[in-house]
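First up is the structure itself, then whatever we jot down about it.
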Amino acid sequence: MARTVGIDLGTTYSLVAYVADGLPRVIPGPYGSPLCPSVVSVDADGSVVVGEPARRRLLTQSDRTIYSAKRLMGRGVADVQDELKLFPFRIDPDSQHVIRVRLGDRVFTAPEISAFILRELKSWAEDFFKEPVERAVITVPAYFNDAQRQATKDAGRLAGLEVLRLVNEPTAAALAYGLHEKQRGLVAVYDFGGGTFDISVLKLVSTGEGDIYQVLSTNGDTHLGGDDIDNVLRAAEWEEIQKIGLNGFSGLGEHAQMLREAVIAAKHELSLVDKTFVKFPAPDGGWYKREITREEFERAIAPIIERTIGPVKLALADAHLKPAQMDEVVLVGGSTRIPLVRRRVEEFFTRKPHFELNPDEVVALGAAVQADILESGVKNMLLLDVTPLSLGIETMGGVIAKIIPRNSTIPASAQELYTTGVDNQTGIDIHVLQGERELAKDCRSLARFQLKIPPAPAGHARVEVKFLIDANGILQVHARDLHTAEARSVEVQPSYGLNDAEVEKMLEDSIEFAEQDFSERQLIEARTEAESILLATSKALADDMAAELAADERRNIDAAISLLRAAVLGSDYKLIRARVDALNQATMHLAELMMNRVLHVAVEGKRLEEV
Amino acid sequence: MTAITKKGTVCWRCHAPHSGGHFCAACGKIQPLARGTDYFAFFGLPQKLWLDCAELEKLFHQLSWKLHPDNFVRAGEYERELSLERSSQLNDAYRALRDPVARVEYLLAHAGMRKEGAAKQQAPPELLEEVFELNESLDELRTARASSTDDSHLASLKQHLEAEERKLETKLREVDEELKRIATEWDAAFDAGADQSQRKALMSRMNDVLNRRSYIRNLVANVQKELAEA
Ligand SMILES: [Zn+2]
């Protein structure tokens with residue numbers, strides 16, 4: 001039976017986990033760690049490297065390597081202008097509603113890059129189980145919008161995974177904690193990761209049937225995380241470097257990555273010690289080295305930590321709760337290892353937060369629990385999550401009419417009735433958006449579509465459109481003609497991200513690629529096999545015993561050899577295999593003769609010993 | 001209990017006559033939702049406006065446990081569709097019923113008695129004078145802010161508006177009390193088996209109160225916005 005896993009597709013690291021004997025566990029990769037760096041690199045020959053080896057290439061081949069690609073998921077070129085100042089993304093100039101990044105001389109969308117990471121984790125799990133993995137629960141930041149969620153789902157599909165459910169990261173963490181600590185009551189999950197910040201307020205209720213994890217509200221910032229801390233430190237260090245002058249250090253490309261690694265190492269150390277050094281090998285030999293204290297570090301990053309408090313306040317206000325009313329506060333995400341973050345959270349909630357579970361692993365563990373529930377059909381808990389952003393439609397004058405408010409439990413739906421304004425109008429344009437602002441131009445455009453109307457007098461048409469946010473937080477649109485009660489198909493063109501046809505095309509390409517990869521491997525194996533049998537045969541033919549072969553046997557063998565040699569020059573692995581078989585057939589008698597001789601020698605040898 | 005599954009039909013799966021619940025009583029399969037099912041009926045509740053919120057939450061959790069798409073991941077496409085339809089309806093219904101004002105809004109909308117129309121922009125007669133004065137003060141505030149020469153004038157204007165805001169909040173509470181009173185009348189009329197015209201009269205009164213309420217709320221929001229910018 002194929003396995004189902006939980007995957008945390010993170011900005012900095014990704015993990016895969018499973019459930020055994022009722023307990024979730026992470027799966028280690030080939031380097032022993034369960035953390036797979038979310039880094040993808042493309043070789044000059046077009047082959048793709050993922051994880052730890054790709055991370056190392058940031059220092060040697062930074063122009064064909066990408067990190068933090070999660071920041072590009074579900075976004076358009078205009079959205080990422082700020083990020084481009086801080087991240088070395090090489091955006092393809094032809095990008096429009098989907099960002100395409102250049103790695104070496106190939107071009108990829110963000111879902112394709114994420115798919116490489118998912119495929120890597122899938123293979124970790126397959127190596128671990130020694131059986132195929134076909135289905136997964138994948139986590140997303142709670143504050144991800146529709147396009148970002150759809151992009152994640154597309155990535156799963158491109159990686160050959162059936163995505164059973166997208167689960168919000170803080171909710172997954174709450175699930176893992178609830179299981180571990182038997183927590184009940186009101187829980188705030190503060191999830192500060194590599195590139196995103198989420199806060200979720202949950203109510204944990206025990207019922208006769210099992211435990212319900214009900215999310216009351218969520219808020220966050222999908223572009224706020226450890227990355228931003230690194231960038232602040234890097235900018236500060238670069239200023240210092242320019243002050244003293246460092247021969248041959250450009251601060252660009254590989255140098256920028258070296259500096260980035262150095263400040264990240266210092267950041268990690270400063271969670272444990274009061275002072276450390278930012279250090280890296282200088283281009284002209286020797287080391288660049290500067291002491292940094294925890295105090296200096298905290299001063300530099302305090303504004304970033306403070307940016308998390310706004311969303312926390314909003315989430316509590318939406319749940320009609322005060323900070324002190326929380327029964328538990330849980331810390332999730334690598335950035336919550338920073339002592340200043342812990343102090344700030346404790347000060348805000350006036351309560352010591354929990355961090356017993358590894359903050360890097362807890363989301364993947366929760367995803368595994370949910371995957372297990374969905375796969376086994378044995379349910380002892382239920383997640384009730386919410387949509388993070390209000391859903392609206394554009395009305396007259398570019399004003400938004402909100403139809404599903406933020407923090408509505410999902411699935412959620414709303415119906416709108418449409419009619420025509422003029423005689424023989426054949427279509428009604430509908431624009432769907434997500435966001436909290438009053439005007440369409442300030443909200444996130446999700447999709448546009450046109451309802452087709454048969455010609456009729458104005459006001460005659462009655463079309464009901466149902467907007468439904470499914471359990472993954474993804475929008476579905478259905479339309480129905482109320483006169484005929486017929487369902488109308490709606491072709492939705494997403495404003496950002498890939499449409500179905502594009503995903504289909506990529507899927508075909510990737511299958512083609514996979515088939516190509518498969519054939520190449522088969523060819524290499526077949527050739528190796530052919531070489532070894534050709535070598536063995538020529539050795540045997542050079543032996544005295546070969547003289548015992550009949551003339552037609554010898555002719556058959558020679559013919560099979562030349563046929564195989566010809567096949568090896570071509571690239572048809574099936575033909576090579578067939579001719580290897582033919583040669584094996586032709587040399588059967590020769591092999592027997594050789595075998596007898598070996599036995600003969602062995603027996604003789606024995607006799608000699610016995611003498 | 002009111003039927004919330006299509007009337008006069010049989011179970012799509014085993015063809016037993018449907019029992020009117022979320023699931024077929026004979027085979028246990030989830031059933032398609034009748035069009036226009038009202039939210040009260042979805043929970044098996046009468047159309048009354050007083051609700052025990054703790055009890056409603058319990059019902060919500062019980063139904064979530066049964067209807068959530070998690071239960072149907074391995075089911076056929078049709079059942080997955082039905083689960084999505086029913087669980088979204090459950091969440092929509094809970095969202096509308098758990099809040100007392102949204103509950104009245106829903107009751108009226110479902111009966112086709114929620115009429116906002118021009119009333120949304122029109123000041124209720126008893127507030128006309130106050131609204132006129134308030135708008136003048138807001139204008140003054142904007143002018144003072146733009147010129148920003150006289151800080152003490154700005155401060156006193158703000159103080160005045162803050163007092164106005166408190167007055168409006170009091171009005172809002174009065175309106176909420178009024179809504180509660182009519183809601184109690186509605187429940188009594190419901191229990192007494194009141195006829196259509198009596199119900200319509202009560203609904204129309206509630207509609208007026210809701211319009212007044214949303215008008216005052218908009219005023220409060222406007223004042224707050226201007227104060228925040230000042
Ligand atoms: Zn049945």
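In the structure tokens, each chain is lettered A, B, ... as it comes, each chain's residues begin at 1, and ligands are numbered from 1 in order of appearance.
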
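Listed by chain and then residue number, the contacts of ligand 1 are Val10, Cys11, Trp12, Arg13, Cys14, His15, Ala16, Pro17, His18, Ser19, Phe23, Cys24, Ala25, Ala26, Cys27, Gly28, Lys29, Ile30 and Gln31 of chain B (distance at most 10 Å, using only C-alpha atoms and all ligand atoms).
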
Shell around segment 134-150 of chain B at 10 Å using only C-alpha atoms, local window under 5 positions removed, as JSON, numbers by chain: {"B": [128, 129, 155, 156, 157, 158, 160, 161, 164, 165, 219, 222, 223, 226, 227, 229, 230]}

Segment 44-165 of chain B: residues DSSP assigns to alpha helix (DSSP H), reported as number ranges by chain: B: 53-67, 77-97, 100-110, 128-147, 151-165

Selected residue, from A:His431, A:Arg406, A:His97, A:Arg565, that lies nearest to chain B when counting only C-alpha atoms: A:Arg406

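Using only C-alpha atoms, the smallest distance between any of A:Pro339, A:Gly333, A:Gly251, A:Pro411 and chain B comes from A:Pro411.
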
Which residue of B:Ala93, B:Ala102, B:Leu63, B:Ala34 approaches Arg114 of chain B most closely, using only C-alpha atoms: B:Ala102

Nearby residues (only C-alpha atoms) at most 6 Å from segment 389-395 of chain A, same-chain spacing under 4 positions excluded, as a ChimeraX atom specification: /A:399-406,431-435

Expected file contents, prior selection, N, CA and C atoms, as an mmCIF file, in the first residue's frame:
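Written output follows (selection_39.cif):
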data_model
loop_
_atom_site.group_PDB
_atom_site.id
_atom_site.type_symbol
_atom_site.label_atom_id
_atom_site.label_comp_id
_atom_site.auth_asym_id
_atom_site.auth_seq_id
_atom_site.Cartn_x
_atom_site.Cartn_y
_atom_site.Cartn_z
ATOM 1 N N VAL A 399 -15.862 49.628 -5.528
ATOM 2 C CA VAL A 399 -16.023 49.328 -4.108
ATOM 3 C C VAL A 399 -16.218 47.823 -3.937
ATOM 4 N N ILE A 400 -15.741 47.301 -2.794
ATOM 5 C CA ILE A 400 -15.850 45.862 -2.551
ATOM 6 C C ILE A 400 -17.075 45.539 -1.705
ATOM 7 N N ALA A 401 -17.815 44.524 -2.127
ATOM 8 C CA ALA A 401 -18.866 43.997 -1.255
ATOM 9 C C ALA A 401 -18.321 42.720 -0.649
ATOM 10 N N LYS A 402 -18.177 42.706 0.686
ATOM 11 C CA LYS A 402 -17.627 41.509 1.338
ATOM 12 C C LYS A 402 -18.706 40.451 1.427
ATOM 13 N N ILE A 403 -18.405 39.257 0.967
ATOM 14 C CA ILE A 403 -19.420 38.208 1.003
ATOM 15 C C ILE A 403 -19.060 37.079 1.973
ATOM 16 N N ILE A 404 -17.778 36.864 2.213
ATOM 17 C CA ILE A 404 -17.378 35.917 3.273
ATOM 18 C C ILE A 404 -16.346 36.635 4.148
ATOM 19 N N PRO A 405 -16.710 36.928 5.405
ATOM 20 C CA PRO A 405 -15.767 37.680 6.239
ATOM 21 C C PRO A 405 -14.554 36.844 6.647
ATOM 22 N N ARG A 406 -13.448 37.531 6.941
ATOM 23 C CA ARG A 406 -12.249 36.822 7.399
ATOM 24 C C ARG A 406 -12.593 36.066 8.692
ATOM 25 N N HIS A 431 -15.602 40.068 -10.742
ATOM 26 C CA HIS A 431 -14.218 40.178 -10.273
ATOM 27 C C HIS A 431 -14.198 39.813 -8.788
ATOM 28 N N VAL A 432 -13.467 38.767 -8.433
ATOM 29 C CA VAL A 432 -13.400 38.295 -7.046
ATOM 30 C C VAL A 432 -12.070 38.734 -6.432
ATOM 31 N N LEU A 433 -12.149 39.206 -5.198
ATOM 32 C CA LEU A 433 -10.935 39.701 -4.531
ATOM 33 C C LEU A 433 -10.857 39.194 -3.095
ATOM 34 N N GLN A 434 -9.677 39.351 -2.515
ATOM 35 C CA GLN A 434 -9.469 38.967 -1.123
ATOM 36 C C GLN A 434 -8.775 40.124 -0.411
ATOM 37 N N GLY A 435 -9.237 40.465 0.779
ATOM 38 C CA GLY A 435 -8.582 41.531 1.521
ATOM 39 C C GLY A 435 -9.557 42.276 2.402
#

Give one line per residue of segment 76-173 of chain B that approaches segment 193-215 of chain B to at most 12 Å, naming the two atoms of the closest pair and their distance in Å to one decimal, counting only C-alpha atoms; sort by chain then ascending residue number and deliver it as CSV.
residue,atom,partner,partner_atom,distance
B:Pro100,CA,B:Leu210,CA,11.7
B:Val101,CA,B:Leu210,CA,8.2
B:Ala102,CA,B:Leu210,CA,9.9
B:Arg103,CA,B:Leu210,CA,11.4
B:Val104,CA,B:Met206,CA,7.7
B:Glu105,CA,B:Leu210,CA,7.7
B:Tyr106,CA,B:Asn207,CA,11.0
B:Leu107,CA,B:Met203,CA,8.6
B:Leu108,CA,B:Met203,CA,6.5
B:Ala109,CA,B:Asn207,CA,9.6
B:His110,CA,B:Met203,CA,11.2
B:Ala111,CA,B:Met203,CA,8.9
B:Gly112,CA,B:Met203,CA,9.9
B:Met113,CA,B:Met203,CA,6.6
B:Arg114,CA,B:Asn207,CA,5.9
B:Lys115,CA,B:Asn207,CA,6.7
B:Glu116,CA,B:Asn211,CA,6.4
B:Gly117,CA,B:Asn211,CA,9.3
B:Ala118,CA,B:Asn211,CA,9.8
B:Ala119,CA,B:Asn211,CA,6.5
B:Lys120,CA,B:Asn211,CA,6.2
B:Gln121,CA,B:Tyr215,CA,7.2
B:Gln122,CA,B:Tyr215,CA,7.8
B:Ala123,CA,B:Tyr215,CA,7.0
B:Pro124,CA,B:Arg212,CA,6.4
B:Pro125,CA,B:Arg212,CA,10.0
B:Glu126,CA,B:Arg212,CA,10.3
B:Leu127,CA,B:Arg212,CA,9.6
B:Leu128,CA,B:Tyr215,CA,11.6
B:Val131,CA,B:Tyr215,CA,10.5
B:Leu168,CA,B:Arg213,CA,10.4
B:Glu169,CA,B:Arg213,CA,10.5
B:Thr170,CA,B:Arg213,CA,11.6
B:Lys171,CA,B:Arg213,CA,8.9
B:Leu172,CA,B:Arg213,CA,6.5
B:Arg173,CA,B:Arg213,CA,9.3

Straight-line distance linking atom CA of Asn556 of chain A with atom CA of Ala586 of chain A, stated in Å to one decimal: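 Going from atom CA of Asn556 of chain A over to atom CA of Ala586 of chain A covers 6.3 Å.
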
Strand (DSSP E or B) call set, DSSP backbone run, segment 11-100 of chain A, as a PyMOL selection string: chain A and resi 13-20+23-26+36-37+39-42+48-50+65-67+91+100

Please, which residues in chain B fall within 10 Å of chain A when counting only C-alpha atoms, and what is the closest atom pair and distance in Å to one decimal for each, ordered by chain then residue number, as CSV?
residue,atom,partner,partner_atom,distance
B:Lys58,CA,A:Thr207,CA,8.7
B:His61,CA,A:Ile212,CA,7.6
B:Gln62,CA,A:Thr207,CA,8.3
B:Ser64,CA,A:Leu384,CA,8.2
B:Trp65,CA,A:Leu382,CA,6.9
B:His68,CA,A:Pro411,CA,8.4
B:Pro69,CA,A:Ala471,CA,7.2
B:Asp70,CA,A:Leu374,CA,6.1
B:Asn71,CA,A:Gly377,CA,6.8
B:Phe72,CA,A:Gly377,CA,8.5
B:Val73,CA,A:Leu374,CA,6.4
B:Arg74,CA,A:Glu375,CA,7.7
B:Ser83,CA,A:Pro411,CA,9.7
B:Leu84,CA,A:Pro411,CA,6.8
B:Glu85,CA,A:Pro411,CA,8.4
B:Arg86,CA,A:Pro411,CA,9.2
B:Ser87,CA,A:Pro411,CA,6.4
B:Ser88,CA,A:Ala412,CA,4.4
B:Gln89,CA,A:Ala412,CA,7.1
B:Leu90,CA,A:Ala412,CA,8.5
B:Asn91,CA,A:Thr409,CA,5.9
B:Asp92,CA,A:Ala412,CA,6.0
B:Ala93,CA,A:Ala412,CA,9.6
B:Tyr94,CA,A:Thr409,CA,9.1
B:Arg95,CA,A:Ser408,CA,7.3

Ala456 of chain A environment, 10 Å, only C-alpha atoms, sequence neighbours closer than 6 positions dropped, as a ChimeraX atom specification: /A:420,422-426

Which neighbours of Val48 of chain A fall inside 10 Å, counting only C-alpha atoms, when residues of the same chain fewer than 4 positions from it are skipped, and could you give them as a CSV table (one decimal) with all heavy atoms, in the first residue's frame?
chain,number,residue,atom,x,y,z
A,40,VAL,N,17.3,25.1,-4.3
A,40,VAL,CA,17.3,24.3,-5.6
A,40,VAL,C,18.4,24.9,-6.5
A,40,VAL,O,18.5,26.1,-6.6
A,40,VAL,CB,15.9,24.3,-6.3
A,40,VAL,CG1,16.0,23.7,-7.7
A,40,VAL,CG2,14.9,23.7,-5.4
A,41,SER,N,19.2,24.0,-7.1
A,41,SER,CA,20.3,24.4,-8.0
A,41,SER,C,20.2,23.6,-9.3
A,41,SER,O,19.8,22.5,-9.3
A,41,SER,CB,21.6,24.2,-7.3
A,41,SER,OG,22.7,24.7,-8.1
A,42,VAL,N,20.5,24.3,-10.4
A,42,VAL,CA,20.4,23.6,-11.7
A,42,VAL,C,21.8,23.6,-12.3
A,42,VAL,O,22.5,24.6,-12.4
A,42,VAL,CB,19.5,24.4,-12.6
A,42,VAL,CG1,19.5,23.7,-14.0
A,42,VAL,CG2,18.1,24.3,-12.0
A,43,ASP,N,22.3,22.4,-12.7
A,43,ASP,CA,23.6,22.2,-13.3
A,43,ASP,C,23.6,22.7,-14.7
A,43,ASP,O,22.6,23.0,-15.3
A,43,ASP,CB,23.9,20.7,-13.4
A,43,ASP,CG,24.7,20.2,-12.2
A,43,ASP,OD1,25.4,21.1,-11.6
A,43,ASP,OD2,24.7,19.0,-11.9
A,44,ALA,N,24.9,22.9,-15.2
A,44,ALA,CA,25.0,23.3,-16.6
A,44,ALA,C,24.4,22.4,-17.5
A,44,ALA,O,23.8,22.8,-18.6
A,44,ALA,CB,26.5,23.5,-16.9
A,54,ALA,N,22.6,21.6,-2.8
A,54,ALA,CA,22.2,22.8,-3.4
A,54,ALA,C,22.6,24.1,-2.6
A,54,ALA,O,23.0,25.1,-3.1
A,54,ALA,CB,20.7,22.9,-3.7
A,64,ARG,N,23.0,30.0,-10.4
A,64,ARG,CA,22.1,28.9,-10.8
A,64,ARG,C,21.4,28.2,-9.6
A,64,ARG,O,21.0,27.0,-9.7
A,64,ARG,CB,22.8,27.9,-11.7
A,64,ARG,CG,24.3,27.7,-11.5
A,64,ARG,CD,24.9,26.7,-12.4
A,64,ARG,NE,25.2,27.1,-13.7
A,64,ARG,CZ,24.6,26.8,-14.8
A,64,ARG,NH1,23.5,26.1,-14.8
A,64,ARG,NH2,24.9,27.3,-16.0
A,65,THR,N,21.4,29.0,-8.5
A,65,THR,CA,20.8,28.4,-7.3
A,65,THR,C,19.8,29.4,-6.6
A,65,THR,O,20.1,30.6,-6.7
A,65,THR,CB,22.0,28.1,-6.3
A,65,THR,OG1,23.0,27.4,-7.0
A,65,THR,CG2,21.6,27.4,-5.1
A,113,ILE,N,9.7,25.1,-8.7
A,113,ILE,CA,10.8,25.1,-7.8
A,113,ILE,C,10.4,24.3,-6.5
A,113,ILE,O,11.1,23.4,-6.0
A,113,ILE,CB,11.4,26.5,-7.5
A,113,ILE,CG1,12.1,27.0,-8.8
A,113,ILE,CG2,12.4,26.4,-6.3
A,113,ILE,CD1,12.3,28.5,-8.8
A,116,PHE,N,10.3,20.6,-7.0
A,116,PHE,CA,11.6,19.9,-6.9
A,116,PHE,C,11.9,19.6,-5.4
A,116,PHE,O,12.3,18.5,-5.1
A,116,PHE,CB,12.8,20.8,-7.4
A,116,PHE,CG,12.8,21.0,-8.9
A,116,PHE,CD1,12.9,22.3,-9.4
A,116,PHE,CD2,12.7,19.9,-9.7
A,116,PHE,CE1,12.9,22.4,-10.8
A,116,PHE,CE2,12.7,20.1,-11.1
A,116,PHE,CZ,12.8,21.3,-11.6

Exercise: Val362 of chain A partners within 10 Å, only C-alpha atoms, chain neighbours under 6 positions left out, as a PDB file with N, CA and C atoms, in the first residue's frame:
ATOM      1  N   ASP A   8       6.061  19.695   5.623  1.00  0.00           N
ATOM      2  CA  ASP A   8       6.180  21.117   5.936  1.00  0.00           C
ATOM      3  C   ASP A   8       7.070  21.721   4.861  1.00  0.00           C
ATOM      4  N   LEU A  15      10.436  19.613   5.633  1.00  0.00           N
ATOM      5  CA  LEU A  15      10.534  18.320   6.319  1.00  0.00           C
ATOM      6  C   LEU A  15       9.402  17.416   5.890  1.00  0.00           C
ATOM      7  N   ALA A  17       7.193  13.947   7.422  1.00  0.00           N
ATOM      8  CA  ALA A  17       6.961  13.160   8.633  1.00  0.00           C
ATOM      9  C   ALA A  17       5.847  12.151   8.402  1.00  0.00           C
ATOM     10  N   PRO A  24       3.669  10.781  15.740  1.00  0.00           N
ATOM     11  CA  PRO A  24       4.304  11.336  14.540  1.00  0.00           C
ATOM     12  C   PRO A  24       5.822  11.385  14.688  1.00  0.00           C
ATOM     13  N   ARG A  25       6.515  11.114  13.571  1.00  0.00           N
ATOM     14  CA  ARG A  25       7.984  11.175  13.571  1.00  0.00           C
ATOM     15  C   ARG A  25       8.461  11.803  12.274  1.00  0.00           C
ATOM     16  N   VAL A  26       9.606  12.470  12.329  1.00  0.00           N
ATOM     17  CA  VAL A  26      10.174  13.038  11.106  1.00  0.00           C
ATOM     18  C   VAL A  26      11.061  11.995  10.437  1.00  0.00           C
ATOM     19  N   GLU A 169      -0.036  26.103   8.969  1.00  0.00           N
ATOM     20  CA  GLU A 169       1.111  25.721   9.805  1.00  0.00           C
ATOM     21  C   GLU A 169       0.839  25.841  11.308  1.00  0.00           C
ATOM     22  N   PRO A 170       0.316  26.983  11.789  1.00  0.00           N
ATOM     23  CA  PRO A 170       0.080  27.055  13.250  1.00  0.00           C
ATOM     24  C   PRO A 170      -0.936  26.025  13.736  1.00  0.00           C
ATOM     25  N   ALA A 172      -1.407  23.025  12.430  1.00  0.00           N
ATOM     26  CA  ALA A 172      -0.691  21.750  12.481  1.00  0.00           C
ATOM     27  C   ALA A 172       0.139  21.682  13.763  1.00  0.00           C
ATOM     28  N   ALA A 173       0.788  22.788  14.101  1.00  0.00           N
ATOM     29  CA  ALA A 173       1.609  22.814  15.317  1.00  0.00           C
ATOM     30  C   ALA A 173       0.736  22.591  16.549  1.00  0.00           C
ATOM     31  N   ALA A 174      -0.436  23.216  16.556  1.00  0.00           N
ATOM     32  CA  ALA A 174      -1.351  23.046  17.698  1.00  0.00           C
ATOM     33  C   ALA A 174      -1.753  21.587  17.836  1.00  0.00           C
ATOM     34  N   LEU A 175      -1.953  20.924  16.708  1.00  0.00           N
ATOM     35  CA  LEU A 175      -2.328  19.513  16.702  1.00  0.00           C
ATOM     36  C   LEU A 175      -1.216  18.671  17.339  1.00  0.00           C
ATOM     37  N   ALA A 176       0.017  18.948  16.944  1.00  0.00           N
ATOM     38  CA  ALA A 176       1.149  18.202  17.507  1.00  0.00           C
ATOM     39  C   ALA A 176       1.277  18.468  19.003  1.00  0.00           C
ATOM     40  N   TYR A 177       1.109  19.732  19.403  1.00  0.00           N
ATOM     41  CA  TYR A 177       1.206  20.082  20.817  1.00  0.00           C
ATOM     42  C   TYR A 177       0.059  19.495  21.623  1.00  0.00           C
ATOM     43  N   LEU A 331       5.133  28.385  20.974  1.00  0.00           N
ATOM     44  CA  LEU A 331       6.080  28.970  20.029  1.00  0.00           C
ATOM     45  C   LEU A 331       6.464  27.961  18.961  1.00  0.00           C
ATOM     46  N   VAL A 332       6.391  28.393  17.710  1.00  0.00           N
ATOM     47  CA  VAL A 332       6.699  27.535  16.568  1.00  0.00           C
ATOM     48  C   VAL A 332       7.594  28.305  15.608  1.00  0.00           C
ATOM     49  N   GLY A 333       8.457  27.583  14.865  1.00  0.00           N
ATOM     50  CA  GLY A 333       9.304  28.217  13.861  1.00  0.00           C
ATOM     51  C   GLY A 333      10.677  28.538  14.415  1.00  0.00           C
ATOM     52  N   PHE A 355       7.817  25.787  24.523  1.00  0.00           N
ATOM     53  CA  PHE A 355       8.662  25.449  23.377  1.00  0.00           C
ATOM     54  C   PHE A 355       9.306  24.083  23.587  1.00  0.00           C
ATOM     55  N   GLU A 356       8.537  23.176  24.188  1.00  0.00           N
ATOM     56  CA  GLU A 356       9.069  21.838  24.482  1.00  0.00           C
ATOM     57  C   GLU A 356       9.355  21.062  23.202  1.00  0.00           C
ATOM     58  N   ALA A 368       1.693  15.293   9.703  1.00  0.00           N
ATOM     59  CA  ALA A 368       1.663  13.828   9.648  1.00  0.00           C
ATOM     60  C   ALA A 368       0.435  13.294  10.375  1.00  0.00           C
TER      61      ALA A 368
END

Pairwise distance for atom CA of Glu126 of chain A and atom CA of Ala364 of chain A, rounded to one decimal in Å: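 One can read the atom CA of Glu126 of chain A to atom CA of Ala364 of chain A distance as 16.7 Å.
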
Among the residues A:Asn596, A:Ser123, A:Ser206, A:Gln61, the one that comes closest to Gly104 of chain A [using only C-alpha atoms]: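 Of the candidates, the smallest distance to Gly104 of chain A is held by A:Gln61.
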
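Excluding Thr308 of chain A itself and same-chain residues fewer than 2 positions from it, the residues having an atom within 9 Å of it are Phe192, Phe197, Asp198, Ile199, Gly220, Asp221, Leu224, Ile304, Ile305, Glu306, Gly310, Pro311 and Val312 of chain A, counting only C-alpha atoms.
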
Could you write those residues out with N, CA, C and O atoms, as a CSV table (one decimal), in the first residue's frame?
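Below is the file again.csv, written as the result:
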chain,number,residue,atom,x,y,z
A,192,PHE,N,6.8,31.9,14.0
A,192,PHE,CA,7.7,32.9,13.4
A,192,PHE,C,8.8,32.1,12.7
A,192,PHE,O,9.7,31.5,13.3
A,197,PHE,N,5.2,35.0,9.1
A,197,PHE,CA,4.8,35.1,10.5
A,197,PHE,C,3.3,34.8,10.5
A,197,PHE,O,2.5,35.4,9.7
A,198,ASP,N,2.9,33.9,11.4
A,198,ASP,CA,1.4,33.6,11.6
A,198,ASP,C,1.1,33.7,13.1
A,198,ASP,O,1.9,33.3,13.9
A,199,ILE,N,-0.1,34.1,13.4
A,199,ILE,CA,-0.6,34.0,14.8
A,199,ILE,C,-2.0,33.4,14.7
A,199,ILE,O,-2.8,33.8,13.9
A,220,GLY,N,-1.4,37.5,10.3
A,220,GLY,CA,0.0,37.3,10.0
A,220,GLY,C,0.5,38.2,9.0
A,220,GLY,O,-0.1,39.2,8.6
A,221,ASP,N,1.7,37.8,8.5
A,221,ASP,CA,2.4,38.6,7.5
A,221,ASP,C,3.2,37.5,6.7
A,221,ASP,O,4.1,36.9,7.2
A,224,LEU,N,7.4,38.2,6.4
A,224,LEU,CA,8.1,38.6,7.6
A,224,LEU,C,8.7,37.3,8.3
A,224,LEU,O,7.9,36.4,8.7
A,304,ILE,N,12.0,44.4,13.8
A,304,ILE,CA,11.4,43.3,13.1
A,304,ILE,C,10.5,42.5,14.0
A,304,ILE,O,9.3,42.1,13.7
A,305,ILE,N,11.0,42.2,15.3
A,305,ILE,CA,10.2,41.5,16.2
A,305,ILE,C,8.9,42.2,16.5
A,305,ILE,O,7.8,41.7,16.7
A,306,GLU,N,9.0,43.6,16.6
A,306,GLU,CA,7.9,44.4,17.0
A,306,GLU,C,6.8,44.3,15.9
A,306,GLU,O,5.6,44.4,16.2
A,310,GLY,N,1.6,43.6,16.0
A,310,GLY,CA,0.4,44.1,15.3
A,310,GLY,C,-0.6,43.0,14.9
A,310,GLY,O,-1.7,43.0,15.4
A,311,PRO,N,-0.1,42.0,14.1
A,311,PRO,CA,-1.0,40.9,13.8
A,311,PRO,C,-1.5,40.1,15.0
A,311,PRO,O,-2.7,39.7,15.0
A,312,VAL,N,-0.7,40.0,16.0
A,312,VAL,CA,-1.2,39.3,17.3
A,312,VAL,C,-2.4,40.0,17.9
A,312,VAL,O,-3.4,39.4,18.2
